[in-house]
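Student: Next up is a structure, given as structure tokens.
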Amino acid sequence: MDVKSVVQQWQKMATSVEEVDYAVSGYDYSICLEGATVPAFASMMLEAGFYLVDLMAVHVEPAIEVVYQLAHVETRCRVMARAFVDEKGEIPSITDIYQGANWHERETRDFHGVVFVGHPNLEPLILAEEDVDLKPLLKTEKTLKDVAAVRRGQPEDEAAKPEAVKSPEQS
Amino acid sequence: MNVEVLEDERHHRFVLNMGPQHPSTHGVLRVLLELEGEYAMSLLPVLGYGHRCHEKIAEFKPAKSFMPNTARMDYLGALIYNHGYAQLLEKATGVEAPRRAEYIRVITSELNRIQSHLLWYGAYLLDLGAFTPIMYAFDDREEILDILEDITGSRLTYCYYRVGGVCKDIDDKFVTRTRAFIDRLRGRFPMYDELVNGNVILQKRLINVGDLTPQTCYRYGITGPLLRGTGVAYDLRRAEPYSVYPEFDFEVPTETSGDCMASFKVRFREMEQSLRIIEQALDKLPEGPVMAAKVPKKLKIPAGDYNSSVEAPRGELSYYLVADGSDVPYRLKVRTPSFSNLSVVPEMCEGMLLSDVVSAMGSLDLVIPEIDR
């Protein structure tokens, strides 16, 4: 797989593409997407030979963020693609592209209440049918953090310097 | 959903509820089968009977103390789950495990992998109607459990790894017993081979049943022996080398047919490769401490997100951690291989004979607690 051409394709559809340090973060690229471009992104990734590792949600301020993890079998290229749900809590489903997303999306619906538009059967998977509105992984007002608080610090940020990371007592 | 007879007298279509206490589902998995005679026209796995809120628990206590939970997700690959999690926190906080600890991790993880494959081997053949192999497999597996019990203190749900190393050093007895076990299992492989692998009934049950292609695997996120059975040599120990695996010489076994027989053979050959890794690790075992000198009691994780992927017996295991700078994870997601592997069942088993469904589902090597988490 030619990573360069794939990165170029990402840059066309994503709001930001960032290469991250694999040794620290455990993945190679961080991509931010608009919710509406997720299906186009997924189709492109399937065509490039990526497989769907995981699909999950993280509850942050201002909105729930859905994270798609994809990786490639030939070249090491592990990607985290993120997209915020819209104001109605919706995001397009990718079940018709990556069929493995079917269960992941249902699980995310269980735990966070994200509605995946176009999903064929968005019923509870892990939780019982009567717990459909429980949404157990949503944060409370007290524990909810802004998205900036869970992002890796910028290089000039003291906490993110490699030396600082190596001795956690200081931070 | 209730068992119902559809209003089609001619075809006698009906819904059969298999599980959640059916022996061939290996745990509390429920599958709704729509049958037409002996053919399964559609399958609907129903999950969640063993959901224990591991991800929610993770958000309530210091990241370090989540280690025992990891072992309880996949009770057959507990040490490998420990490994992935220890590695995740080491990556995030910059703590480095000493080399001896990494070697011990590799040795014990590979023993754990063999143990998991042996259980799968016995239980799978039991599902297919062969009673004897499970006795032989458990005989060998028992030896691994004894070896690991001596060193870790438990037989199944290990919590042996720590952030920064392992909690106890191995001794000479461990090394001698492991070496003896390697010889013993190597001597048993030809017997396993003669006992079942060439058996014509087994071949009829496995060949051309449950076919997968690499493309199907990518769409569903199937990894591990199933993906390698379709001819893709993808093993995270090689593809995204972690720990000290790059220092060992081993192969990634593949088969090309993609059916149940392919993953059967792949798992078998994987055990041999694991033995090779253990042997090399014992030969090269470095001296030194087994715990990093300075691991802070309160392990603060710098803000950001971290991922750690390891090769579990059933495929790719990924931990994804979102940290907000405190010692408690903001969000921890565990990507378990069986979850993705099982999700292919409705597509894979459509139109199959019911007996083949058992065979195909057995070849997935399911561990239900890791699906439900």
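Order determines the names: the first chain of the structure tokens is A, the second B, and so forth; residues in each chain are numbered 1 upward, and ligands are numbered 1 upward as they are shown.
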Using only C-alpha atoms, find each residue in chain A having at least one atom no more than 8 Å away from chain B; report its shortest atom-to-atom pair and that distance in Å (one decimal), rows by chain then rising number, as a tab-separated table.
Tutor:
residue	atom	partner	partner_atom	distance
A:Ala23	CA	B:Lys91	CA	7.1
A:Val24	CA	B:Lys91	CA	5.3
A:Ser25	CA	B:Tyr306	CA	4.4
A:Gly26	CA	B:Asn307	CA	4.6
A:Tyr27	CA	B:Asn307	CA	6.4
A:Leu46	CA	B:Arg219	CA	7.4
A:Gly49	CA	B:Tyr218	CA	7.4
A:Phe50	CA	B:Tyr218	CA	6.6
A:Tyr51	CA	B:Tyr218	CA	4.1
A:Leu52	CA	B:Gly221	CA	4.8
A:Val53	CA	B:Gly221	CA	5.6
A:Asp54	CA	B:Arg335	CA	6.2
A:Met56	CA	B:Lys333	CA	7.3
A:Val58	CA	B:Arg331	CA	6.7
A:Val73	CA	B:Tyr234	CA	5.9
A:Glu74	CA	B:Tyr234	CA	7.6
A:Thr75	CA	B:Ala239	CA	7.7
A:Arg76	CA	B:Glu240	CA	6.5
A:Ile97	CA	B:Arg219	CA	7.3
A:Tyr98	CA	B:Arg219	CA	4.6
A:Gln99	CA	B:Tyr220	CA	5.5
A:Gly100	CA	B:Tyr220	CA	3.7
A:Ala101	CA	B:Tyr220	CA	7.2
A:Trp103	CA	B:Ser343	CA	7.0
A:Leu125	CA	B:Leu47	CA	6.0
A:Ile126	CA	B:Gly48	CA	4.1
A:Leu127	CA	B:Gly48	CA	5.9
A:Ala128	CA	B:Gly48	CA	7.2
A:Pro136	CA	B:Lys56	CA	7.5
A:Leu137	CA	B:Lys56	CA	6.4
A:Ala149	CA	B:Asp324	CA	5.8
A:Val150	CA	B:Asp324	CA	4.6
A:Arg151	CA	B:Gly304	CA	4.4
A:Arg152	CA	B:Gly304	CA	3.8
A:Gly153	CA	B:Ala303	CA	7.0
A:Ala159	CA	B:Pro302	CA	7.0
A:Ala160	CA	B:Pro302	CA	7.2
A:Val165	CA	B:Thr93	CA	5.9
A:Lys166	CA	B:Gly94	CA	4.4
A:Ser167	CA	B:Gly94	CA	7.1
A:Pro168	CA	B:Lys300	CA	6.0
A:Glu169	CA	B:Pro296	CA	6.5
A:Ser171	CA	B:Lys300	CA	7.5
Student: Give the strand (DSSP E or B) residues of segment 106-157 of chain A, as assigned by DSSP on the backbone, as a list of chain:residue names.
Tutor: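 Here are the strand (DSSP E or B) residues of segment 106-157 of chain A: A:Val115, A:Phe116, A:Val117, A:Asp146.
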Student: Name all residues at most 8 Å from Tyr29 of chain A (count only C-alpha atoms; drop same-chain ones fewer than 5 positions away) and give them as a ChimeraX atom specification.
Tutor: /A:17-20,77-80
Student: Please produce an output containing N, CA, C and O atoms for each residue in the selection, written as an mmCIF file, in the first residue's frame.
Tutor:
data_model
loop_
_atom_site.group_PDB
_atom_site.id
_atom_site.type_symbol
_atom_site.label_atom_id
_atom_site.label_comp_id
_atom_site.auth_asym_id
_atom_site.auth_seq_id
_atom_site.Cartn_x
_atom_site.Cartn_y
_atom_site.Cartn_z
ATOM 1 N N VAL A 17 -5.496 16.142 9.247
ATOM 2 C CA VAL A 17 -4.788 14.864 9.239
ATOM 3 C C VAL A 17 -3.475 15.095 9.975
ATOM 4 O O VAL A 17 -2.722 15.993 9.632
ATOM 5 N N GLU A 18 -3.231 14.295 10.989
ATOM 6 C CA GLU A 18 -2.052 14.523 11.810
ATOM 7 C C GLU A 18 -1.308 13.209 11.977
ATOM 8 O O GLU A 18 -1.912 12.173 12.271
ATOM 9 N N GLU A 19 -0.002 13.248 11.770
ATOM 10 C CA GLU A 19 0.792 12.053 12.002
ATOM 11 C C GLU A 19 1.205 12.064 13.477
ATOM 12 O O GLU A 19 1.687 13.070 13.977
ATOM 13 N N VAL A 20 0.983 10.967 14.158
ATOM 14 C CA VAL A 20 1.322 10.941 15.582
ATOM 15 C C VAL A 20 2.424 9.923 15.833
ATOM 16 O O VAL A 20 2.677 9.041 15.017
ATOM 17 N N CYS A 77 -0.060 0.838 9.398
ATOM 18 C CA CYS A 77 -0.714 2.128 9.259
ATOM 19 C C CYS A 77 -2.015 2.067 10.048
ATOM 20 O O CYS A 77 -3.039 1.603 9.561
ATOM 21 N N ARG A 78 -1.946 2.458 11.296
ATOM 22 C CA ARG A 78 -3.103 2.378 12.180
ATOM 23 C C ARG A 78 -3.698 3.776 12.302
ATOM 24 O O ARG A 78 -2.991 4.730 12.599
ATOM 25 N N VAL A 79 -4.975 3.867 12.036
ATOM 26 C CA VAL A 79 -5.611 5.177 11.894
ATOM 27 C C VAL A 79 -6.732 5.336 12.906
ATOM 28 O O VAL A 79 -7.518 4.416 13.111
ATOM 29 N N MET A 80 -6.771 6.493 13.547
ATOM 30 C CA MET A 80 -7.930 6.844 14.367
ATOM 31 C C MET A 80 -8.645 7.991 13.667
ATOM 32 O O MET A 80 -8.079 9.077 13.523
#
Student: Residues within 9 Å of Val147 of chain A, please, as a PyMOL selection string. Count only C-alpha atoms; anything in the same chain fewer than 2 positions from it doesn't count.
Tutor: chain A and resi 59-63+65+145+149-151
Student: Write out as a ChimeraX atom specification the residues lying within 12 Å of Gly187 of chain B, counting only C-alpha atoms and excluding same-chain residues fewer than 5 positions away.
Tutor: /B:140,180-182,192-193,272,275
Student: May I have the residues from that selection written out with C-alpha atoms, as a PDB file, in the first residue's frame?
Tutor:
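The resulting file, again.pdb, is shown below:
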ATOM      1  CA  ASP B 140      -1.248 -31.396  28.238  1.00  0.00           C
ATOM      2  CA  ALA B 180      10.353 -30.583  29.872  1.00  0.00           C
ATOM      3  CA  PHE B 181       6.933 -29.480  28.696  1.00  0.00           C
ATOM      4  CA  ILE B 182       8.286 -28.306  25.343  1.00  0.00           C
ATOM      5  CA  TYR B 192      -2.541 -35.585  17.739  1.00  0.00           C
ATOM      6  CA  ASP B 193      -1.951 -35.651  14.044  1.00  0.00           C
ATOM      7  CA  GLU B 272       4.540 -25.346  17.350  1.00  0.00           C
ATOM      8  CA  LEU B 275       7.020 -23.614  21.489  1.00  0.00           C
TER       9      LEU B 275
END
Student: Do a neighbour search on segment 66-76 of chain B at 6 Å with only C-alpha atoms, toss out local chain neighbours closer than 4 positions, and write the hits as a list of chain:residue names.
Tutor: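 Listed by chain and then number, they are B:Tyr81, B:Ser116, B:Thr157, B:Tyr158, B:Cys159, B:Pro369, B:Glu370, B:Arg373.
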Student: Can you work out which one of B:His22, B:His12, B:Arg113, B:His54 has the shortest atom-to-atom distance to Glu36 of chain B, counting only C-alpha atoms?
Tutor: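 Among the listed residues, the smallest separation from Glu36 of chain B belongs to B:His12.
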